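What follows is model-v1.cif (mmCIF, C-alpha atoms).
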```
data_coords
loop_
_atom_site.label_atom_id
_atom_site.label_comp_id
_atom_site.auth_asym_id
_atom_site.auth_seq_id
_atom_site.Cartn_x
_atom_site.Cartn_y
_atom_site.Cartn_z
CA PRO A 1 0.00 0.00 0.00
CA ARG A 2 1.01 3.61 -0.60
CA ILE A 3 -0.10 5.91 2.19
CA VAL A 4 -0.26 9.67 2.58
CA SER A 5 -0.51 10.90 6.16
CA SER A 6 -1.39 14.37 7.42
CA LYS A 7 -2.85 16.13 10.44
CA HIS A 8 -3.09 19.64 9.03
CA THR A 9 -6.43 21.39 9.36
CA VAL A 10 -8.62 21.21 6.24
CA ASN A 11 -10.73 24.23 5.39
CA ALA A 12 -14.35 23.90 4.32
CA GLY A 13 -15.19 24.13 0.62
CA SER A 14 -18.20 24.99 -1.51
CA ARG A 15 -20.48 22.26 -2.83
CA LYS A 16 -20.90 24.35 -5.99
CA ASN A 17 -17.33 23.48 -6.91
CA LEU A 18 -17.91 19.73 -6.74
CA ILE A 19 -18.00 17.81 -10.01
CA VAL A 20 -18.31 14.08 -10.54
CA ILE A 21 -15.01 12.48 -11.54
CA ASN A 22 -14.68 8.83 -12.40
CA PRO A 23 -11.80 7.68 -10.16
CA GLU A 24 -9.01 5.57 -11.56
CA LYS A 25 -9.56 2.08 -10.28
CA CYS A 26 -6.82 0.04 -8.69
CA LYS A 27 -5.00 -1.89 -11.39
CA ILE A 28 -4.77 -5.54 -10.38
CA ASN A 29 -1.28 -6.87 -10.99
CA GLU A 30 -1.31 -10.66 -10.79
CA GLN A 31 2.30 -10.73 -9.63
CA LYS A 32 2.28 -7.84 -7.16
CA PRO A 33 -1.12 -6.29 -6.37
CA PHE A 34 -1.15 -2.90 -4.72
CA LEU A 35 -3.63 -0.48 -3.20
CA LYS A 36 -3.30 3.24 -2.57
CA PHE A 37 -4.24 4.39 0.93
CA GLY A 38 -4.70 7.80 2.51
CA LEU A 39 -4.76 8.79 6.19
CA LEU A 40 -6.11 12.08 7.52
CA ASN A 41 -7.03 13.54 10.90
CA ILE A 42 -10.09 15.44 9.67
CA ARG A 43 -11.21 17.11 12.94
CA SER A 44 -14.91 17.35 12.02
CA LEU A 45 -15.91 15.69 8.78
CA ALA A 46 -19.28 17.35 8.14
CA PRO A 47 -18.06 20.83 7.04
CA LYS A 48 -15.24 19.29 4.97
CA ALA A 49 -17.16 16.52 3.25
CA VAL A 50 -16.83 18.00 -0.25
CA ILE A 51 -13.07 18.41 0.14
CA VAL A 52 -12.70 14.80 1.30
CA ASN A 53 -14.72 13.64 -1.70
CA GLU A 54 -12.45 15.59 -4.05
CA MET A 55 -9.34 14.37 -2.23
CA ILE A 56 -10.28 10.75 -2.85
CA THR A 57 -10.92 11.24 -6.56
CA ASP A 58 -8.01 13.62 -7.18
CA ASN A 59 -5.54 11.21 -5.56
CA SER A 60 -7.18 8.01 -6.84
CA PHE A 61 -7.25 6.59 -3.33
CA ASP A 62 -8.55 3.06 -3.05
CA VAL A 63 -8.96 3.60 0.69
CA LEU A 64 -9.06 6.75 2.84
CA CYS A 65 -8.88 6.36 6.63
CA LEU A 66 -10.19 9.22 8.78
CA THR A 67 -9.76 10.00 12.46
CA GLU A 68 -11.71 12.48 14.60
CA THR A 69 -14.80 12.54 12.40
CA TRP A 70 -16.77 14.16 15.24
CA LEU A 71 -19.95 12.50 13.98
CA LYS A 72 -22.79 11.18 16.12
CA PRO A 73 -23.88 7.51 15.88
CA ASN A 74 -26.79 8.29 13.52
CA ASP A 75 -25.17 11.10 11.54
CA TYR A 76 -24.70 9.88 7.97
CA ILE A 77 -24.98 13.08 5.92
CA GLY A 78 -21.30 13.99 6.15
CA LEU A 79 -20.26 10.43 5.32
CA ASN A 80 -22.59 10.26 2.32
CA GLU A 81 -21.29 13.57 0.95
CA SER A 82 -17.68 12.47 1.50
CA THR A 83 -18.10 9.23 -0.43
CA PRO A 84 -17.65 9.39 -4.23
CA PRO A 85 -19.66 7.21 -6.62
CA SER A 86 -18.47 3.58 -6.62
CA TYR A 87 -17.17 3.98 -3.05
CA CYS A 88 -18.53 2.79 0.30
CA TYR A 89 -17.77 3.57 3.92
CA LYS A 90 -17.61 2.13 7.41
CA HIS A 91 -17.79 4.32 10.51
CA GLU A 92 -17.24 3.77 14.22
CA PRO A 93 -18.50 6.86 16.08
CA ARG A 94 -17.79 7.80 19.66
CA GLN A 95 -20.82 6.60 21.55
CA ILE A 96 -20.66 9.02 24.49
CA GLY A 97 -19.51 12.65 24.56
CA ARG A 98 -18.16 14.89 21.85
CA GLY A 99 -15.36 14.40 19.34
CA GLY A 100 -13.61 11.20 18.34
CA GLY A 101 -14.88 8.82 15.71
CA VAL A 102 -12.99 6.84 13.05
CA ALA A 103 -14.09 6.04 9.49
CA THR A 104 -12.85 4.32 6.35
CA ILE A 105 -14.00 5.19 2.81
CA TYR A 106 -13.09 2.56 0.23
CA SER A 107 -13.57 1.62 -3.43
CA ASP A 108 -16.24 -0.93 -4.21
CA ILE A 109 -13.68 -3.06 -6.06
CA LEU A 110 -12.73 -4.23 -2.57
CA ASN A 111 -14.54 -6.78 -0.47
CA VAL A 112 -14.65 -5.23 3.01
CA THR A 113 -16.12 -6.72 6.17
CA GLN A 114 -16.01 -5.21 9.65
CA LYS A 115 -14.58 -7.27 12.49
CA LYS A 116 -16.81 -6.74 15.50
CA GLY A 117 -16.06 -7.17 19.17
CA TYR A 118 -12.97 -4.97 19.44
CA LYS A 119 -13.76 -2.34 22.09
CA PHE A 120 -11.18 -0.56 24.23
CA ASN A 121 -11.39 2.14 26.89
CA SER A 122 -8.18 3.95 25.93
CA PHE A 123 -8.52 4.16 22.14
CA GLU A 124 -11.12 4.01 19.38
CA ILE A 125 -10.80 1.49 16.57
CA LEU A 126 -12.45 0.45 13.31
CA LEU A 127 -11.21 -3.00 12.27
CA LEU A 128 -11.82 -4.22 8.71
CA LYS A 129 -10.85 -7.20 6.62
CA VAL A 130 -9.98 -5.94 3.13
CA THR A 131 -9.76 -8.32 0.17
CA LEU A 132 -8.81 -7.56 -3.43
CA SER A 133 -9.80 -10.17 -6.01
CA ASP A 134 -8.88 -10.68 -9.65
CA LEU A 135 -11.31 -10.96 -12.56
CA GLN A 136 -11.91 -14.62 -11.70
CA LYS A 137 -12.92 -13.62 -8.16
CA LYS A 138 -9.74 -15.18 -6.79
CA SER A 139 -8.23 -13.33 -3.82
CA VAL A 140 -4.90 -11.72 -4.73
CA LEU A 141 -4.50 -9.59 -1.60
CA SER A 142 -6.10 -9.84 1.82
CA LEU A 143 -5.23 -7.85 4.93
CA ILE A 144 -6.61 -6.53 8.19
CA LEU A 145 -6.93 -2.73 8.31
CA ALA A 146 -7.28 -0.97 11.66
CA THR A 147 -8.02 2.76 11.88
CA VAL A 148 -7.17 4.02 15.37
CA TYR A 149 -7.66 7.21 17.35
CA ARG A 150 -6.10 7.55 20.80
CA PRO A 151 -7.22 10.67 22.69
CA PRO A 152 -4.51 12.55 24.62
CA GLY A 153 -4.22 11.74 28.31
CA PRO A 154 -3.00 9.03 30.69
CA TYR A 155 -1.44 6.12 28.86
CA THR A 156 -0.98 3.21 31.27
CA ASP A 157 -4.24 1.58 30.18
CA PHE A 158 -3.43 2.26 26.53
CA LEU A 159 -0.12 0.39 26.59
CA LYS A 160 -1.80 -2.62 28.18
CA GLU A 161 -4.83 -2.60 25.89
CA PHE A 162 -2.83 -2.00 22.70
CA SER A 163 -0.47 -4.81 23.65
CA ASP A 164 -3.44 -7.15 24.10
CA PHE A 165 -4.86 -6.00 20.75
CA LEU A 166 -1.58 -6.61 18.90
CA SER A 167 -1.16 -10.01 20.50
CA ASP A 168 -4.61 -11.12 19.36
CA LEU A 169 -4.24 -9.55 15.90
CA LEU A 170 -0.90 -11.13 15.04
CA VAL A 171 -1.96 -14.57 16.21
CA ASN A 172 -4.99 -14.56 13.92
CA PHE A 173 -3.83 -12.66 10.83
CA ASP A 174 -0.72 -12.79 8.62
CA LYS A 175 -1.06 -9.30 7.08
CA ALA A 176 -2.09 -6.23 9.02
CA LEU A 177 -2.02 -2.47 8.59
CA ILE A 178 -2.72 -0.20 11.58
CA VAL A 179 -3.07 3.51 10.83
CA GLY A 180 -4.28 6.49 12.82
CA ASP A 181 -3.66 9.35 15.21
CA PHE A 182 -2.01 7.98 18.34
CA ASN A 183 -1.11 11.34 19.95
CA ILE A 184 2.28 9.89 20.84
CA HIS A 185 5.49 11.83 20.17
CA VAL A 186 7.48 8.95 18.70
CA ASP A 187 9.87 11.58 17.26
CA ASN A 188 10.90 12.71 20.76
CA THR A 189 13.61 10.41 22.14
CA SER A 190 13.07 11.79 25.65
CA ASP A 191 9.29 11.24 25.68
CA ALA A 192 8.43 8.41 28.09
CA LEU A 193 5.28 7.32 26.25
CA GLY A 194 7.03 7.50 22.87
CA LEU A 195 9.87 5.28 24.10
CA ALA A 196 7.51 2.80 25.76
CA PHE A 197 5.32 2.59 22.66
CA THR A 198 8.31 2.08 20.35
CA ASP A 199 9.59 -0.70 22.62
CA LEU A 200 6.13 -2.28 22.54
CA LEU A 201 6.04 -2.29 18.72
CA ASN A 202 9.56 -3.71 18.53
CA SER A 203 8.68 -6.50 20.94
CA PHE A 204 5.93 -7.64 18.56
CA GLY A 205 8.11 -7.32 15.46
CA VAL A 206 5.84 -4.83 13.70
CA LYS A 207 7.14 -1.82 11.78
CA GLN A 208 6.28 1.85 12.34
CA ASN A 209 6.75 3.45 8.91
CA VAL A 210 6.34 7.22 9.46
CA THR A 211 9.61 9.12 9.88
CA GLY A 212 8.62 12.75 9.29
CA PRO A 213 6.30 15.21 11.06
CA THR A 214 2.54 14.87 10.62
CA HIS A 215 1.58 17.80 12.86
CA ARG A 216 1.95 21.56 12.45
CA PHE A 217 4.30 21.62 15.47
CA ASN A 218 6.57 19.11 13.69
CA HIS A 219 5.68 16.11 15.85
CA THR A 220 5.01 12.63 14.51
CA LEU A 221 1.57 11.72 15.88
CA ASP A 222 -0.10 9.96 12.93
CA LEU A 223 1.41 6.51 12.52
CA ILE A 224 1.41 3.68 9.97
CA ILE A 225 2.19 0.30 11.52
CA SER A 226 2.56 -2.74 9.27
CA HIS A 227 2.97 -6.48 9.62
CA GLY A 228 3.60 -8.83 6.69
CA ILE A 229 3.05 -6.09 4.08
CA ASP A 230 5.38 -4.22 1.74
CA LEU A 231 4.65 -0.50 1.79
#
```
Please express what this file holds, its structure, as structure tokens.
Amino acid sequence: PRIVSSKHTVNAGSRKNLIVINPEKCKINEQKPFLKFGLLNIRSLAPKAVIVNEMITDNSFDVLCLTETWLKPNDYIGLNESTPPSYCYKHEPRQIGRGGGVATIYSDILNVTQKKGYKFNSFEILLLKVTLSDLQKKSVLSLILATVYRPPGPYTDFLKEFSDFLSDLLVNFDKALIVGDFNIHVDNTSDALGLAFTDLLNSFGVKQNVTGPTHRFNHTLDLIISHGIDL
């Protein structure tokens, strides 16, 4: 997968500027299939829905993962406006209180099913099984995709819960991609949480792929963690 990560604020756009563009579909290579992913901390999806729609088509994303959608459980308008033709979405809203929420918008060339039963107190997660098939309906690529948002705050519970999640994930699946806003300064070598989290990832043998800043204050908070996948 190719992934673009950002946490910069996106300004609202005008619906009058929206035109329908037929997105370029993922080209299935029998020898080495690939998908193009995007990751964005949207910080309120509803007023930026048109921009997200254009972003998907302009960049030919097969999958766009969103954190901090700020949508309520029954709020579908922003998601519908964000989703181009021939795309679908899954959303896991924050059930209580304001903010939070994670979503994934994906091309309908993919077979996507949500894995239920993953609930944690210290972070929000949307877990999907993503399968790409060839013209004969034979699977050529299958992976688990997790979109994660960890709110800032105490982290003792998070380290324990994320460790339990990784342990379960890696036992059951050969290929996994975990993306999202972790609010952890992995770029800061003196940050206690950053060091503990890096040690945790290393102990499981997974790779954290982001090396540059994803935040306007030059911190690396949005992460791309992979297992068994070439990025």
### Query
Neighbours of Phe204 of chain A within 10 Å (all atoms listed in the file; same-chain residues fewer than 3 positions away dropped), as a PyMOL selection string?
chain A and resi 163+166-167+170+199-201+207+227
#### Entry: Nearest to Glu81 of chain A by atom-to-atom distance, counting only C-alpha atoms, from A:Gly205, A:Gly228, A:Gly180, A:Pro47
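Comparing A:Gly205, A:Gly228, A:Gly180, A:Pro47 against Glu81 of chain A, the winner is A:Pro47.
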### Query
Could you pull the residues within 10 Å of Thr113 of chain A, counting all atoms listed in the file, minus those fewer than 2 positions along the same chain, as a ChimeraX atom specification?
/A:90,110-111,115-116,127-131,144
### Message
Taking 3 positions as the minimum chain separation for residues in the same chain, which residues sit within 9 Å of Ser133 of chain A when counting all atoms listed in the file? Answer as a PyMOL selection string.
### Response
chain A and resi 28+109-111+136-142
Restricting the output to C-alpha atoms, write the selected residues as a PDB file, keeping the file's coordinate frame.
```pdb
ATOM      1  CA  ILE A  28      -4.770  -5.540 -10.380  1.00  0.00           C
ATOM      2  CA  ILE A 109     -13.680  -3.060  -6.060  1.00  0.00           C
ATOM      3  CA  LEU A 110     -12.730  -4.230  -2.570  1.00  0.00           C
ATOM      4  CA  ASN A 111     -14.540  -6.780  -0.470  1.00  0.00           C
ATOM      5  CA  GLN A 136     -11.910 -14.620 -11.700  1.00  0.00           C
ATOM      6  CA  LYS A 137     -12.920 -13.620  -8.160  1.00  0.00           C
ATOM      7  CA  LYS A 138      -9.740 -15.180  -6.790  1.00  0.00           C
ATOM      8  CA  SER A 139      -8.230 -13.330  -3.820  1.00  0.00           C
ATOM      9  CA  VAL A 140      -4.900 -11.720  -4.730  1.00  0.00           C
ATOM     10  CA  LEU A 141      -4.500  -9.590  -1.600  1.00  0.00           C
ATOM     11  CA  SER A 142      -6.100  -9.840   1.820  1.00  0.00           C
TER      12      SER A 142
END
```
### Task
List the residues selected by the PyMOL selection byres ((chain A and resi 106) around 8) in the file shown, writing them as number ranges by chain.
A: 61-64, 87-89, 104-105, 107-108, 110
Could you turn the residues from that selection into a file that holds C-alpha atoms, as a PDB file, in the frame of the given file?
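Generated file (result.pdb):
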```pdb
ATOM      1  CA  PHE A  61      -7.250   6.590  -3.330  1.00  0.00           C
ATOM      2  CA  ASP A  62      -8.550   3.060  -3.050  1.00  0.00           C
ATOM      3  CA  VAL A  63      -8.960   3.600   0.690  1.00  0.00           C
ATOM      4  CA  LEU A  64      -9.060   6.750   2.840  1.00  0.00           C
ATOM      5  CA  TYR A  87     -17.170   3.980  -3.050  1.00  0.00           C
ATOM      6  CA  CYS A  88     -18.530   2.790   0.300  1.00  0.00           C
ATOM      7  CA  TYR A  89     -17.770   3.570   3.920  1.00  0.00           C
ATOM      8  CA  THR A 104     -12.850   4.320   6.350  1.00  0.00           C
ATOM      9  CA  ILE A 105     -14.000   5.190   2.810  1.00  0.00           C
ATOM     10  CA  SER A 107     -13.570   1.620  -3.430  1.00  0.00           C
ATOM     11  CA  ASP A 108     -16.240  -0.930  -4.210  1.00  0.00           C
ATOM     12  CA  LEU A 110     -12.730  -4.230  -2.570  1.00  0.00           C
TER      13      LEU A 110
END
```
Going by the chain IDs and residue numbers used in this file, which residues fall under the PyMOL selection byres ((chain A and resi 48-50) around 6)? Write them as an mmCIF file with C-alpha atoms, in the coordinates of the input.
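Result written to part20.cif:
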```
data_model
loop_
_atom_site.group_PDB
_atom_site.id
_atom_site.type_symbol
_atom_site.label_atom_id
_atom_site.label_comp_id
_atom_site.auth_asym_id
_atom_site.auth_seq_id
_atom_site.Cartn_x
_atom_site.Cartn_y
_atom_site.Cartn_z
ATOM 1 C CA ALA A 12 -14.350 23.900 4.320
ATOM 2 C CA LEU A 45 -15.910 15.690 8.780
ATOM 3 C CA ALA A 46 -19.280 17.350 8.140
ATOM 4 C CA PRO A 47 -18.060 20.830 7.040
ATOM 5 C CA ILE A 51 -13.070 18.410 0.140
ATOM 6 C CA VAL A 52 -12.700 14.800 1.300
ATOM 7 C CA ASN A 53 -14.720 13.640 -1.700
ATOM 8 C CA GLY A 78 -21.300 13.990 6.150
ATOM 9 C CA GLU A 81 -21.290 13.570 0.950
ATOM 10 C CA SER A 82 -17.680 12.470 1.500
#
```
### Task
Could you please determine the separation between atom CA of Met55 of chain A and atom CA of Phe34 of chain A in Å, to one decimal place?
19.3 Å
#### Entry: Minimum-distance residue to Glu68 of chain A, chosen among A:Ile96, A:Ile56, A:Ala103, A:Val179 (using all atoms listed in the file)
A:Ala103
### Message
Evaluated on this file, the PyMOL selection byres ((chain A and resi 125) around 8) picks out some residues - which ones are they, written as a ChimeraX atom specification?
### Response
/A:92,102,118-120,123-124,126-127,146-149
File of the preceding selection, C-alpha atoms, as an mmCIF file, in the frame of the given file:
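Listed below is the output, selection.cif:
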```cif
data_model
loop_
_atom_site.group_PDB
_atom_site.id
_atom_site.type_symbol
_atom_site.label_atom_id
_atom_site.label_comp_id
_atom_site.auth_asym_id
_atom_site.auth_seq_id
_atom_site.Cartn_x
_atom_site.Cartn_y
_atom_site.Cartn_z
ATOM 1 C CA GLU A 92 -17.240 3.770 14.220
ATOM 2 C CA VAL A 102 -12.990 6.840 13.050
ATOM 3 C CA TYR A 118 -12.970 -4.970 19.440
ATOM 4 C CA LYS A 119 -13.760 -2.340 22.090
ATOM 5 C CA PHE A 120 -11.180 -0.560 24.230
ATOM 6 C CA PHE A 123 -8.520 4.160 22.140
ATOM 7 C CA GLU A 124 -11.120 4.010 19.380
ATOM 8 C CA LEU A 126 -12.450 0.450 13.310
ATOM 9 C CA LEU A 127 -11.210 -3.000 12.270
ATOM 10 C CA ALA A 146 -7.280 -0.970 11.660
ATOM 11 C CA THR A 147 -8.020 2.760 11.880
ATOM 12 C CA VAL A 148 -7.170 4.020 15.370
ATOM 13 C CA TYR A 149 -7.660 7.210 17.350
#
```
### Message
Quick check, in Å to one decimal: how far apart do atom CA of Pro73 of chain A and atom CA of Gln95 of chain A lie?
### Response
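It comes out at 6.5 Å.
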### Message
Quick check, in Å to one decimal: how far apart do atom CA of Gly101 of chain A and atom CA of Pro85 of chain A lie?
### Response
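Separation between atom CA of Gly101 of chain A and atom CA of Pro85 of chain A: 22.9 Å.
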### Query
In terms of the shortest atom-to-atom distance over all atoms listed in the file, which of A:Arg150, A:His185, A:His91, A:His215 is closest to Thr198 of chain A?
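Closest residue, counting all atoms listed in the file: A:His185.
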Start from the incomplete input, build N, CA and C atoms for segment 94-127 of chain A, and deliver everything as a short mmCIF file (atom, residue, chain, number, x, y, z; two decimals), in the coordinates of the input.
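File produced: out.cif:
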```cif
data_model
loop_
_atom_site.label_atom_id
_atom_site.label_comp_id
_atom_site.auth_asym_id
_atom_site.auth_seq_id
_atom_site.Cartn_x
_atom_site.Cartn_y
_atom_site.Cartn_z
N ARG A 94 -17.88 7.80 18.21
CA ARG A 94 -17.79 7.80 19.66
C ARG A 94 -19.20 7.76 20.22
N GLN A 95 -19.46 6.81 21.07
CA GLN A 95 -20.82 6.60 21.55
C GLN A 95 -21.26 7.63 22.59
N ILE A 96 -20.33 8.09 23.40
CA ILE A 96 -20.66 9.02 24.49
C ILE A 96 -19.74 10.23 24.41
N GLY A 97 -20.32 11.43 24.56
CA GLY A 97 -19.51 12.65 24.56
C GLY A 97 -19.23 13.16 23.16
N ARG A 98 -18.47 14.24 23.12
CA ARG A 98 -18.16 14.89 21.85
C ARG A 98 -16.84 14.38 21.27
N GLY A 99 -16.63 14.69 19.98
CA GLY A 99 -15.36 14.40 19.34
C GLY A 99 -15.20 12.94 18.96
N GLY A 100 -13.94 12.58 18.66
CA GLY A 100 -13.61 11.20 18.34
C GLY A 100 -14.25 10.73 17.04
N GLY A 101 -14.31 9.43 16.90
CA GLY A 101 -14.88 8.82 15.71
C GLY A 101 -13.84 8.48 14.67
N VAL A 102 -13.91 7.27 14.11
CA VAL A 102 -12.99 6.84 13.05
C VAL A 102 -13.83 6.26 11.91
N ALA A 103 -13.35 6.48 10.67
CA ALA A 103 -14.09 6.04 9.49
C ALA A 103 -13.12 5.59 8.41
N THR A 104 -13.62 4.76 7.51
CA THR A 104 -12.85 4.32 6.35
C THR A 104 -13.75 4.39 5.12
N ILE A 105 -13.30 5.10 4.09
CA ILE A 105 -14.00 5.19 2.81
C ILE A 105 -13.20 4.39 1.80
N TYR A 106 -13.85 3.49 1.06
CA TYR A 106 -13.09 2.56 0.23
C TYR A 106 -13.82 2.28 -1.10
N SER A 107 -13.03 1.93 -2.11
CA SER A 107 -13.57 1.62 -3.43
C SER A 107 -14.37 0.32 -3.39
N ASP A 108 -15.42 0.27 -4.21
CA ASP A 108 -16.24 -0.93 -4.21
C ASP A 108 -15.61 -2.09 -4.98
N ILE A 109 -14.39 -1.90 -5.50
CA ILE A 109 -13.68 -3.06 -6.06
C ILE A 109 -13.17 -3.97 -4.95
N LEU A 110 -13.22 -3.47 -3.72
CA LEU A 110 -12.73 -4.23 -2.57
C LEU A 110 -13.88 -4.91 -1.85
N ASN A 111 -13.60 -6.09 -1.34
CA ASN A 111 -14.54 -6.78 -0.47
C ASN A 111 -14.14 -6.45 0.97
N VAL A 112 -14.99 -5.72 1.67
CA VAL A 112 -14.65 -5.23 3.01
C VAL A 112 -15.70 -5.70 4.01
N THR A 113 -15.24 -6.31 5.09
CA THR A 113 -16.12 -6.72 6.17
C THR A 113 -15.56 -6.20 7.49
N GLN A 114 -16.44 -5.74 8.36
CA GLN A 114 -16.01 -5.21 9.65
C GLN A 114 -15.90 -6.33 10.67
N LYS A 115 -14.80 -6.30 11.42
CA LYS A 115 -14.58 -7.27 12.49
C LYS A 115 -15.11 -6.66 13.79
N LYS A 116 -16.15 -7.25 14.30
CA LYS A 116 -16.81 -6.74 15.50
C LYS A 116 -16.14 -7.27 16.77
N GLY A 117 -16.50 -6.66 17.88
CA GLY A 117 -16.06 -7.17 19.17
C GLY A 117 -14.78 -6.57 19.70
N TYR A 118 -14.20 -5.61 18.98
CA TYR A 118 -12.97 -4.97 19.44
C TYR A 118 -13.33 -3.61 20.06
N LYS A 119 -13.42 -3.56 21.36
CA LYS A 119 -13.76 -2.34 22.09
C LYS A 119 -12.72 -2.12 23.18
N PHE A 120 -12.21 -0.89 23.25
CA PHE A 120 -11.18 -0.56 24.23
C PHE A 120 -11.53 0.77 24.90
N ASN A 121 -11.11 0.91 26.15
CA ASN A 121 -11.39 2.14 26.89
C ASN A 121 -10.45 3.27 26.53
N SER A 122 -9.21 2.93 26.10
CA SER A 122 -8.18 3.95 25.93
C SER A 122 -8.00 4.41 24.48
N PHE A 123 -8.61 3.72 23.53
CA PHE A 123 -8.52 4.16 22.14
C PHE A 123 -9.72 3.65 21.35
N GLU A 124 -10.02 4.36 20.27
CA GLU A 124 -11.12 4.01 19.38
C GLU A 124 -10.56 3.26 18.17
N ILE A 125 -11.33 2.31 17.65
CA ILE A 125 -10.80 1.49 16.57
C ILE A 125 -11.92 1.05 15.63
N LEU A 126 -11.60 1.04 14.33
CA LEU A 126 -12.45 0.45 13.31
C LEU A 126 -11.61 -0.61 12.62
N LEU A 127 -12.00 -1.88 12.77
CA LEU A 127 -11.21 -3.00 12.27
C LEU A 127 -11.93 -3.65 11.09
#
```
